[in-house]
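S.K.: I'd like to ask some things about the structure below.
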Amino acid sequence: MAKPVIDEDKFVGSDKGIVLPARSLGDGGIRLQLSNFDRSDPPNYAPNGVPRGLDFNRNVLAISASGKMPAINVACDIAGFQPSAQTPIYWRLQTLHVLARFKNVGSYHYQSRVVPLDSEWTGSSESAIFTLFADGPIPAGLVYDNLDDRVAGGHAVLTIAAKPDGSWLQDFVHLRIAGTNPDAADIRADVKRIVAGRNAAPLENMLNAIFAWEANMKQFEPKRQSQAKFGEEGFKKLFDWPDDPPNFPVAAFDFGVGISQFTNPAKLTTPMAWDWRANIAAGANEFFDHLKAAYKNNITWADWALVAWRTYNGSGAAAAAYAQRLANSPDGKAVPKTLVSKLGATTLAPINSTKPPPAKWPLSKSVSMQLSGAELSATSSEYSSKMIGDAASLVAGNRETLAWMWPRVLENLHAQHDHASTAVIPGLSGADIAGAVAGLTKGGIGVLADAAFDHAWSRLAPASAPAALAAPSSLTAEWNSLSDFVRRNIGQGRISDWANMRGMMLNAFGAPNDAPKAIQRINAYYGAFVLGHLQQGGASMRVHAKMAQRMQSAQTLIIAKGAADKLADVSDIGGFNIRPNANDASKPSLHSFGIAIDLDPTVNPNMAMAKAELARWTDLVKFLTGIEPYGDESKRLRTPRSYDASLADVNTLCKASADYVVANKGLSNLAAAVCAGFQRDLTLVISTADANKLLALAAPPHPDLGGLKDKIASLQVPTAKRAAMGDRMVYAMQVFTMSQKPNLKPAVTGTAATTARHGFINLPAEVICGLAAEDGGGLRWLGTSTSTKDHMHFDFRDADQPPLY
């Protein structure tokens, strides 16, 4: 076992919980309220977040050991109306368990993964008192829209709503639904049910051996789950994740969930985590697949089980030891050593599951957000903007932090409007925010947000007080003095984006202490922008006039070189945006001034990887294609040269991109590229069979590192290069596997997998040369950068940048 490595542990999305509905309880004349529950929030709960603490409120329920939802008694305090078929009380139960653990991405490298496991039931009642999931027949007047025998737990929100007089009333409470472990006898009985009629009695013993070993026939963990150590003695690594409270589903650090230790976060479902019956069915289906793959003529039941147990657990020595342990267990010893008889057609057929009917909730987004309309009409928009601005200013503490955090605040305001899952502003409840935006259009929320930002800005001082930078008397007035074109192109076109860029822009335009003068220069500078294009009638963008001239020079040269048809291959020209530099937020990007362009960005990506990952990708491209992305061609192209002198080098880099895609088209292609790489890099001739064997040993999710090491040694790879070759093979198979996903799309920020599928240079070499050559556009191409490769990006060299005023 290698030393485990945690590459990333941010657990993005682990705090995205159930979005709380707005409360509208009515007044003394007409009222609706849940009366028999603890109405308090869970301790330390952030609205719309995920409560993970040991303590909750008093509303803690448990799924039964037999796998049935707990009975939920609901009592509503009502006034001014009586529930009926015409005016029912609608109910809604939402559950969410946000499971966060680590995914093995190969070679004992781990990255955080977050899987939201949710479910929902809806219905209505003609009575103010009713019980959900009670035993026995469903009473008259109680309706379930999507009842079935599924179970789900975690954090839950129970909501009731009614519309007695044309206006919606609504209330909710928090619940926690935990699990109860079944008895071993119940699990064995269910296994017996699964194998019944499959004409293969030993299947029962095979499955029982797995379930008895994996989690000791335990679906739920009575203790809090927060961390675990893994690795060889002396190399153990602490894996720490967002806590799961007691009696939540057993989940190992690497996503082994429940009785069967189902270890595939991409396929994990809510029933697999919360219903032990669904969990063992999923484990049984997976084991059946391994049995199918392991079957051969004249095999005994015991040998068949041993092979399938081994592959069920992965590969290598650890998997073999696991299989032997199961074989030596009481259940394993009960598997006979006789030959496998002829199997029936249904012996290894999958256990199919059904999806519940869709939930129905009568409150649309627009109606739901109007529940606080009465409250909103009682307060002015000025009050709402001040309420939000006050809270934001307290959190920010200074103007720079306010501008930095504001995009998240704005996202929060829109999310409350759209019922999306997001955290609220610290200091404000979900109901406060929902009330502030109730009934507002998207544009109205933008106006509210701008006013709130201006109010917060006026309450704060800069982080430091630079004497050279004047504070505006009114940020809104200053914002409005910018031209419409400028406002639309600063960040996302928001006043907060101007606040974030303000200091940089006033400095850049030479008047840090005279905003009116700087803004006059800013409006004049951007007012002189013209349309830049590479082909008449083709893709275009408003840019600085000198950039438009450079683009025209490139076009003229490309046409003169007989490559006019290549210009039509450019479908998108973009990049202009007044924003900070992506690599140094204290400076404005060159894109801010219309002197940088991006061409077809999704298929000519920015390879903004971490340093180690970029090195692995570069090494893999060189090994599979023979071309080094940072090699001599790239070095030569950093110095301005003529079109003719540059074209061969650009063609070589384009060929590397194309060859990298070809190498990853299929396993036969990859094996051929590996053979070529061995001969090119090591002057070793290996057979296609050797290459295929290397790739098979390196295949995810559990590469056989010991077998791979031995195979590399047998091919006479020099000792000093064997470890690197093993890592390269494992990485090549990781990349290949990810690149085969049918829905893998090209991305502006490229990865080893997206570029293996779609390439990293998809601009014609002639267009690149025309833009970069000194006899053409004379621009710098960041596809030759010494750090991040930004293949889409062309800009002015430092000495050529035009003055701003």
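Residue numbering restarts at 1 in every chain; chains get A, B, ... in the order shown in the structure tokens, and ligands count up from 1 in that same order.
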Counting only C-alpha atoms, what is within 9 Å of Leu620 in chain A, bar same-chain residues fewer than 3 positions away, as a list in words?

M.R.: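 Near neighbours after the sequence-gap exclusion: Ala615, Arg616, Trp617, Phe623, Leu624, Thr625, Tyr660, Arg728, Met729, Tyr731, Ala732 and Ala752 of chain A.
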
S.K.: Considering only C-alpha atoms, return as a list in words whatever protein or nucleic-acid residues lie within 7 Å of Asn285 in chain A, sequence-local ones (same chain, fewer than 4 positions apart) excluded.

M.R.: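 That gives Ala281, Asp289, Pro350 and Ile351 of chain A.
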
S.K.: For Asp118 in chain A, which residue among A:Ile18, A:Met69, A:Leu61, A:Leu670 is the nearest when counting only C-alpha atoms?

M.R.: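 Checking each candidate against Asp118 in chain A, we get A:Ile18 as the closest.
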
S.K.: For range 297-299 of chain A, please output as a ChimeraX atom specification all residues within 9 Å (counting only C-alpha atoms; exclusion window: fewer than 2 positions along the same chain).

M.R.: /A:295,301-304,338-341

S.K.: Go ahead and write the residues just picked, all heavy atoms, as a PDB file, in the first residue's frame.

M.R.:
```pdb
ATOM      1  N   TYR A 295     -17.240 -15.883 -14.346  1.00  0.00           N
ATOM      2  CA  TYR A 295     -17.718 -17.231 -14.673  1.00  0.00           C
ATOM      3  C   TYR A 295     -16.907 -17.840 -15.822  1.00  0.00           C
ATOM      4  O   TYR A 295     -16.549 -17.174 -16.794  1.00  0.00           O
ATOM      5  CB  TYR A 295     -19.190 -17.198 -15.077  1.00  0.00           C
ATOM      6  CG  TYR A 295     -19.716 -18.576 -15.415  1.00  0.00           C
ATOM      7  CD1 TYR A 295     -20.028 -19.478 -14.406  1.00  0.00           C
ATOM      8  CD2 TYR A 295     -19.851 -18.976 -16.744  1.00  0.00           C
ATOM      9  CE1 TYR A 295     -20.487 -20.754 -14.705  1.00  0.00           C
ATOM     10  CE2 TYR A 295     -20.308 -20.243 -17.061  1.00  0.00           C
ATOM     11  CZ  TYR A 295     -20.629 -21.132 -16.038  1.00  0.00           C
ATOM     12  OH  TYR A 295     -21.061 -22.392 -16.342  1.00  0.00           O
ATOM     13  N   TRP A 301     -18.167 -23.736  -7.226  1.00  0.00           N
ATOM     14  CA  TRP A 301     -18.829 -22.615  -6.545  1.00  0.00           C
ATOM     15  C   TRP A 301     -17.815 -21.854  -5.675  1.00  0.00           C
ATOM     16  O   TRP A 301     -17.824 -20.612  -5.655  1.00  0.00           O
ATOM     17  CB  TRP A 301     -19.965 -23.145  -5.661  1.00  0.00           C
ATOM     18  CG  TRP A 301     -21.153 -23.640  -6.401  1.00  0.00           C
ATOM     19  CD1 TRP A 301     -21.511 -24.928  -6.638  1.00  0.00           C
ATOM     20  CD2 TRP A 301     -22.167 -22.829  -7.023  1.00  0.00           C
ATOM     21  NE1 TRP A 301     -22.672 -25.002  -7.362  1.00  0.00           N
ATOM     22  CE2 TRP A 301     -23.107 -23.713  -7.609  1.00  0.00           C
ATOM     23  CE3 TRP A 301     -22.376 -21.464  -7.149  1.00  0.00           C
ATOM     24  CZ2 TRP A 301     -24.238 -23.281  -8.296  1.00  0.00           C
ATOM     25  CZ3 TRP A 301     -23.512 -21.013  -7.837  1.00  0.00           C
ATOM     26  CH2 TRP A 301     -24.415 -21.919  -8.403  1.00  0.00           C
ATOM     27  N   ALA A 302     -16.979 -22.549  -4.964  1.00  0.00           N
ATOM     28  CA  ALA A 302     -16.031 -21.903  -4.057  1.00  0.00           C
ATOM     29  C   ALA A 302     -15.028 -21.048  -4.824  1.00  0.00           C
ATOM     30  O   ALA A 302     -14.717 -19.918  -4.417  1.00  0.00           O
ATOM     31  CB  ALA A 302     -15.309 -22.955  -3.221  1.00  0.00           C
ATOM     32  N   ASP A 303     -14.499 -21.578  -5.940  1.00  0.00           N
ATOM     33  CA  ASP A 303     -13.539 -20.801  -6.738  1.00  0.00           C
ATOM     34  C   ASP A 303     -14.213 -19.597  -7.385  1.00  0.00           C
ATOM     35  O   ASP A 303     -13.627 -18.511  -7.497  1.00  0.00           O
ATOM     36  CB  ASP A 303     -12.905 -21.687  -7.816  1.00  0.00           C
ATOM     37  CG  ASP A 303     -11.940 -22.698  -7.234  1.00  0.00           C
ATOM     38  OD1 ASP A 303     -11.470 -22.477  -6.092  1.00  0.00           O
ATOM     39  OD2 ASP A 303     -11.653 -23.706  -7.915  1.00  0.00           O
ATOM     40  N   TRP A 304     -15.446 -19.805  -7.842  1.00  0.00           N
ATOM     41  CA  TRP A 304     -16.206 -18.707  -8.463  1.00  0.00           C
ATOM     42  C   TRP A 304     -16.418 -17.585  -7.446  1.00  0.00           C
ATOM     43  O   TRP A 304     -16.217 -16.404  -7.740  1.00  0.00           O
ATOM     44  CB  TRP A 304     -17.534 -19.253  -8.971  1.00  0.00           C
ATOM     45  CG  TRP A 304     -18.266 -18.357  -9.925  1.00  0.00           C
ATOM     46  CD1 TRP A 304     -17.746 -17.383 -10.700  1.00  0.00           C
ATOM     47  CD2 TRP A 304     -19.673 -18.365 -10.189  1.00  0.00           C
ATOM     48  NE1 TRP A 304     -18.731 -16.777 -11.447  1.00  0.00           N
ATOM     49  CE2 TRP A 304     -19.931 -17.364 -11.151  1.00  0.00           C
ATOM     50  CE3 TRP A 304     -20.729 -19.129  -9.712  1.00  0.00           C
ATOM     51  CZ2 TRP A 304     -21.198 -17.105 -11.627  1.00  0.00           C
ATOM     52  CZ3 TRP A 304     -21.995 -18.884 -10.211  1.00  0.00           C
ATOM     53  CH2 TRP A 304     -22.235 -17.883 -11.149  1.00  0.00           C
ATOM     54  N   THR A 338     -18.259 -27.977  -5.110  1.00  0.00           N
ATOM     55  CA  THR A 338     -18.734 -28.724  -6.277  1.00  0.00           C
ATOM     56  C   THR A 338     -18.791 -27.818  -7.499  1.00  0.00           C
ATOM     57  O   THR A 338     -18.787 -26.578  -7.389  1.00  0.00           O
ATOM     58  CB  THR A 338     -20.131 -29.294  -6.007  1.00  0.00           C
ATOM     59  OG1 THR A 338     -21.011 -28.212  -5.662  1.00  0.00           O
ATOM     60  CG2 THR A 338     -20.079 -30.287  -4.862  1.00  0.00           C
ATOM     61  N   LEU A 339     -18.842 -28.433  -8.690  1.00  0.00           N
ATOM     62  CA  LEU A 339     -18.895 -27.653  -9.926  1.00  0.00           C
ATOM     63  C   LEU A 339     -20.201 -26.869 -10.014  1.00  0.00           C
ATOM     64  O   LEU A 339     -21.254 -27.345  -9.577  1.00  0.00           O
ATOM     65  CB  LEU A 339     -18.773 -28.574 -11.142  1.00  0.00           C
ATOM     66  CG  LEU A 339     -17.407 -29.232 -11.366  1.00  0.00           C
ATOM     67  CD1 LEU A 339     -17.479 -30.176 -12.553  1.00  0.00           C
ATOM     68  CD2 LEU A 339     -16.327 -28.176 -11.585  1.00  0.00           C
ATOM     69  N   VAL A 340     -20.122 -25.710 -10.614  1.00  0.00           N
ATOM     70  CA  VAL A 340     -21.311 -24.879 -10.822  1.00  0.00           C
ATOM     71  C   VAL A 340     -22.181 -25.549 -11.872  1.00  0.00           C
ATOM     72  O   VAL A 340     -21.717 -25.877 -12.969  1.00  0.00           O
ATOM     73  CB  VAL A 340     -20.935 -23.454 -11.261  1.00  0.00           C
ATOM     74  CG1 VAL A 340     -22.188 -22.631 -11.569  1.00  0.00           C
ATOM     75  CG2 VAL A 340     -20.087 -22.773 -10.197  1.00  0.00           C
ATOM     76  N   SER A 341     -23.420 -25.765 -11.503  1.00  0.00           N
ATOM     77  CA  SER A 341     -24.352 -26.359 -12.465  1.00  0.00           C
ATOM     78  C   SER A 341     -24.814 -25.303 -13.457  1.00  0.00           C
ATOM     79  O   SER A 341     -24.507 -24.113 -13.317  1.00  0.00           O
ATOM     80  CB  SER A 341     -25.554 -26.951 -11.714  1.00  0.00           C
ATOM     81  OG  SER A 341     -26.152 -25.947 -10.907  1.00  0.00           O
TER      82      SER A 341
END
```

S.K.: Excluding Ile89 in chain A and its own-chain neighbours fewer than 4 positions away, which residues fall within 10 Å of it when counting only C-alpha atoms? Please give them as a PyMOL selection string.

M.R.: chain A and resi 32+76+82-85+123-129+142+160-164+169-170

S.K.: Write a file of the selected residues as a PDB file, in the first residue's frame, keeping N, CA and C atoms.

M.R.:
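Contents of out13.pdb, as written:
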```pdb
ATOM      1  N   LEU A  32     -52.484  30.278  10.527  1.00  0.00           N
ATOM      2  CA  LEU A  32     -52.083  28.889  10.324  1.00  0.00           C
ATOM      3  C   LEU A  32     -50.697  28.711  10.923  1.00  0.00           C
ATOM      4  N   CYS A  76     -52.176  21.455  13.602  1.00  0.00           N
ATOM      5  CA  CYS A  76     -52.127  22.829  13.109  1.00  0.00           C
ATOM      6  C   CYS A  76     -53.040  23.719  13.959  1.00  0.00           C
ATOM      7  N   GLN A  82     -61.846  26.686   8.115  1.00  0.00           N
ATOM      8  CA  GLN A  82     -61.858  25.271   8.423  1.00  0.00           C
ATOM      9  C   GLN A  82     -61.331  24.504   7.212  1.00  0.00           C
ATOM     10  N   PRO A  83     -60.361  23.609   7.413  1.00  0.00           N
ATOM     11  CA  PRO A  83     -59.860  22.838   6.272  1.00  0.00           C
ATOM     12  C   PRO A  83     -60.982  22.013   5.639  1.00  0.00           C
ATOM     13  N   SER A  84     -60.926  21.889   4.330  1.00  0.00           N
ATOM     14  CA  SER A  84     -61.945  21.138   3.592  1.00  0.00           C
ATOM     15  C   SER A  84     -61.343  20.688   2.272  1.00  0.00           C
ATOM     16  N   ALA A  85     -62.148  19.991   1.488  1.00  0.00           N
ATOM     17  CA  ALA A  85     -61.667  19.568   0.176  1.00  0.00           C
ATOM     18  C   ALA A  85     -61.362  20.770  -0.706  1.00  0.00           C
ATOM     19  N   GLY A 123     -48.568  16.323  -0.082  1.00  0.00           N
ATOM     20  CA  GLY A 123     -49.961  15.893  -0.034  1.00  0.00           C
ATOM     21  C   GLY A 123     -50.829  16.979   0.572  1.00  0.00           C
ATOM     22  N   SER A 124     -52.016  16.585   1.045  1.00  0.00           N
ATOM     23  CA  SER A 124     -52.934  17.563   1.630  1.00  0.00           C
ATOM     24  C   SER A 124     -53.808  16.863   2.675  1.00  0.00           C
ATOM     25  N   SER A 125     -54.433  17.675   3.515  1.00  0.00           N
ATOM     26  CA  SER A 125     -55.306  17.144   4.561  1.00  0.00           C
ATOM     27  C   SER A 125     -56.534  18.031   4.688  1.00  0.00           C
ATOM     28  N   GLU A 126     -57.676  17.375   4.909  1.00  0.00           N
ATOM     29  CA  GLU A 126     -58.908  18.120   5.167  1.00  0.00           C
ATOM     30  C   GLU A 126     -59.146  18.285   6.666  1.00  0.00           C
ATOM     31  N   SER A 127     -58.127  17.925   7.449  1.00  0.00           N
ATOM     32  CA  SER A 127     -58.210  18.076   8.900  1.00  0.00           C
ATOM     33  C   SER A 127     -57.000  18.844   9.393  1.00  0.00           C
ATOM     34  N   ALA A 128     -57.166  19.556  10.513  1.00  0.00           N
ATOM     35  CA  ALA A 128     -56.051  20.295  11.093  1.00  0.00           C
ATOM     36  C   ALA A 128     -55.129  19.392  11.890  1.00  0.00           C
ATOM     37  N   ILE A 129     -55.545  18.175  12.154  1.00  0.00           N
ATOM     38  CA  ILE A 129     -54.727  17.205  12.886  1.00  0.00           C
ATOM     39  C   ILE A 129     -54.663  15.929  12.058  1.00  0.00           C
ATOM     40  N   LEU A 142     -56.987  12.562   3.938  1.00  0.00           N
ATOM     41  CA  LEU A 142     -55.534  12.700   3.938  1.00  0.00           C
ATOM     42  C   LEU A 142     -55.014  12.157   2.614  1.00  0.00           C
ATOM     43  N   ILE A 160     -46.315  23.388   6.083  1.00  0.00           N
ATOM     44  CA  ILE A 160     -47.754  23.376   5.826  1.00  0.00           C
ATOM     45  C   ILE A 160     -48.138  24.702   5.176  1.00  0.00           C
ATOM     46  N   ALA A 161     -49.187  24.680   4.379  1.00  0.00           N
ATOM     47  CA  ALA A 161     -49.643  25.901   3.705  1.00  0.00           C
ATOM     48  C   ALA A 161     -51.135  25.782   3.423  1.00  0.00           C
ATOM     49  N   ALA A 162     -51.788  26.906   3.375  1.00  0.00           N
ATOM     50  CA  ALA A 162     -53.215  26.959   3.021  1.00  0.00           C
ATOM     51  C   ALA A 162     -53.511  28.318   2.411  1.00  0.00           C
ATOM     52  N   LYS A 163     -54.602  28.367   1.648  1.00  0.00           N
ATOM     53  CA  LYS A 163     -54.991  29.614   0.992  1.00  0.00           C
ATOM     54  C   LYS A 163     -56.480  29.854   1.253  1.00  0.00           C
ATOM     55  N   PRO A 164     -56.805  30.313   2.473  1.00  0.00           N
ATOM     56  CA  PRO A 164     -58.231  30.418   2.829  1.00  0.00           C
ATOM     57  C   PRO A 164     -58.947  31.611   2.222  1.00  0.00           C
ATOM     58  N   LEU A 169     -50.961  31.260   3.361  1.00  0.00           N
ATOM     59  CA  LEU A 169     -50.356  31.191   4.683  1.00  0.00           C
ATOM     60  C   LEU A 169     -49.382  30.013   4.675  1.00  0.00           C
ATOM     61  N   GLN A 170     -48.318  30.117   5.449  1.00  0.00           N
ATOM     62  CA  GLN A 170     -47.315  29.055   5.407  1.00  0.00           C
ATOM     63  C   GLN A 170     -46.519  29.039   6.705  1.00  0.00           C
TER      64      GLN A 170
END
```

S.K.: Using Å and a single decimal, report how far CA of Gln261 in chain A sits from CA of Ser66 in chain A.

M.R.: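 Straight-line distance from CA of Ser66 in chain A to CA of Gln261 in chain A works out to 19.4 Å.
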
S.K.: Measuring between only C-alpha atoms, which one of A:Ile445, A:Met738, A:Ala560, A:Ile627 shows the shortest distance to Val409 in chain A?

M.R.: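 So, comparing all the options, the nearest one is A:Ile445.
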
S.K.: List every residue of range 269-300 of chain A that DSSP, applied to the backbone of this structure, assigns to alpha helix (DSSP H), and report them as a PyMOL selection string.

M.R.: chain A and resi 270-274+276-294

S.K.: Which of range 70-297 of chain A counts as strand (DSSP E or B) under DSSP, as a ChimeraX atom specification please?

M.R.: /A:72-79,89-106,109-125,129-132,142-144,154-162,169-178,220-221,225-230,237-244,248-249,251,257,262

S.K.: Compile the contact shell of Ala449 in chain A as a PDB file with C-alpha atoms, in the first residue's frame: residues with an atom at most 10 Å away, counting only C-alpha atoms, same-chain residues fewer than 6 positions apart removed.

M.R.:
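Wrote out-v7.pdb, looks like this:
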```pdb
ATOM      1  CA  SER A 384     -35.000  46.743   3.143  1.00  0.00           C
ATOM      2  CA  SER A 385     -31.881  48.142   1.505  1.00  0.00           C
ATOM      3  CA  ILE A 388     -29.293  44.381   4.125  1.00  0.00           C
ATOM      4  CA  GLY A 389     -26.628  47.095   3.953  1.00  0.00           C
ATOM      5  CA  TRP A 406     -20.714  41.473  -2.601  1.00  0.00           C
ATOM      6  CA  VAL A 409     -24.390  38.609  -1.285  1.00  0.00           C
ATOM      7  CA  LEU A 410     -26.055  39.343  -4.616  1.00  0.00           C
ATOM      8  CA  LEU A 413     -30.501  37.660  -2.808  1.00  0.00           C
ATOM      9  CA  HIS A 414     -31.289  36.085  -6.184  1.00  0.00           C
ATOM     10  CA  VAL A 437     -37.110  40.309  -2.125  1.00  0.00           C
ATOM     11  CA  GLY A 443     -34.276  43.668 -12.107  1.00  0.00           C
ATOM     12  CA  HIS A 455     -25.718  52.139   2.100  1.00  0.00           C
ATOM     13  CA  ARG A 494     -23.065  46.052 -10.899  1.00  0.00           C
ATOM     14  CA  ILE A 495     -22.247  48.980  -8.656  1.00  0.00           C
ATOM     15  CA  SER A 496     -20.311  46.610  -6.396  1.00  0.00           C
TER      16      SER A 496
END
```

S.K.: If you count only C-alpha atoms, which residues fall within 9 Å of Ala756 in chain A, apart from same-chain ones fewer than 6 positions away, as an mmCIF file with N, CA, C and O atoms, in the first residue's frame?

M.R.:
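Here's the written file result11.cif:
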```cif
data_model
loop_
_atom_site.group_PDB
_atom_site.id
_atom_site.type_symbol
_atom_site.label_atom_id
_atom_site.label_comp_id
_atom_site.auth_asym_id
_atom_site.auth_seq_id
_atom_site.Cartn_x
_atom_site.Cartn_y
_atom_site.Cartn_z
ATOM 1 N N SER A 657 -1.514 18.684 -29.923
ATOM 2 C CA SER A 657 -2.907 18.666 -29.474
ATOM 3 C C SER A 657 -3.706 17.596 -30.203
ATOM 4 O O SER A 657 -4.426 16.804 -29.588
ATOM 5 N N TYR A 660 -2.584 14.061 -29.183
ATOM 6 C CA TYR A 660 -3.034 13.737 -27.830
ATOM 7 C C TYR A 660 -4.489 13.252 -27.864
ATOM 8 O O TYR A 660 -4.865 12.301 -27.164
ATOM 9 N N VAL A 661 -5.314 13.878 -28.685
ATOM 10 C CA VAL A 661 -6.708 13.450 -28.835
ATOM 11 C C VAL A 661 -6.776 12.065 -29.477
ATOM 12 O O VAL A 661 -7.515 11.179 -29.004
ATOM 13 N N VAL A 662 -5.995 11.854 -30.538
ATOM 14 C CA VAL A 662 -5.991 10.558 -31.218
ATOM 15 C C VAL A 662 -5.566 9.446 -30.263
ATOM 16 O O VAL A 662 -6.145 8.352 -30.236
ATOM 17 N N ALA A 663 -4.558 9.722 -29.427
ATOM 18 C CA ALA A 663 -4.054 8.717 -28.487
ATOM 19 C C ALA A 663 -5.125 8.281 -27.503
ATOM 20 O O ALA A 663 -5.091 7.153 -26.992
ATOM 21 N N ASN A 664 -6.075 9.144 -27.223
ATOM 22 C CA ASN A 664 -7.110 8.848 -26.238
ATOM 23 C C ASN A 664 -8.446 8.473 -26.868
ATOM 24 O O ASN A 664 -9.461 8.426 -26.172
ATOM 25 N N LYS A 665 -8.454 8.179 -28.164
ATOM 26 C CA LYS A 665 -9.695 7.785 -28.841
ATOM 27 C C LYS A 665 -10.198 6.430 -28.374
ATOM 28 O O LYS A 665 -11.392 6.166 -28.330
ATOM 29 N N VAL A 735 -6.726 9.619 -16.933
ATOM 30 C CA VAL A 735 -7.127 10.621 -17.930
ATOM 31 C C VAL A 735 -7.969 9.967 -19.020
ATOM 32 O O VAL A 735 -9.025 10.490 -19.403
ATOM 33 N N PHE A 736 -7.516 8.819 -19.500
ATOM 34 C CA PHE A 736 -8.268 8.127 -20.548
ATOM 35 C C PHE A 736 -9.684 7.796 -20.078
ATOM 36 O O PHE A 736 -10.659 8.033 -20.796
ATOM 37 N N SER A 739 -11.810 10.836 -19.910
ATOM 38 C CA SER A 739 -12.074 11.412 -21.238
ATOM 39 C C SER A 739 -13.140 10.645 -22.008
ATOM 40 O O SER A 739 -13.675 11.158 -22.993
#
```

S.K.: Can you list, as a PyMOL selection string, every protein, DNA or RNA residue that comes within 7 Å of range 197-203 of chain A when you count only C-alpha atoms, leaving out same-chain residues fewer than 5 positions away?

M.R.: chain A and resi 335+344+346-347

S.K.: Return the single residue from A:Val621, A:Leu448, A:Met725, A:Ala648 that is closest to Glu633 in chain A, with distances computed using only C-alpha atoms.

M.R.: A:Ala648

S.K.: Using only C-alpha atoms, can you tell me which of A:Gly49, A:Gly26, A:Gly397, A:Gly283 comes closest to Ala79 in chain A?

M.R.: A:Gly26

S.K.: Which residue is closest to Lys635 in chain A? Choose from A:Leu684, A:Thr719, A:Thr784, A:Lys442 and count only C-alpha atoms.

M.R.: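 Comparing A:Leu684, A:Thr719, A:Thr784, A:Lys442 against Lys635 in chain A, the winner is A:Thr784.
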
S.K.: Measure the distance from CA of Ala293 in chain A to CA of Ala320 in chain A in Å and round it to one decimal.

M.R.: 16.4 Å

S.K.: So how many Å separate CA of Asn523 in chain A and CA of Asp454 in chain A, to one decimal?

M.R.: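 Separating CA of Asn523 in chain A from CA of Asp454 in chain A is a distance of 21.8 Å.
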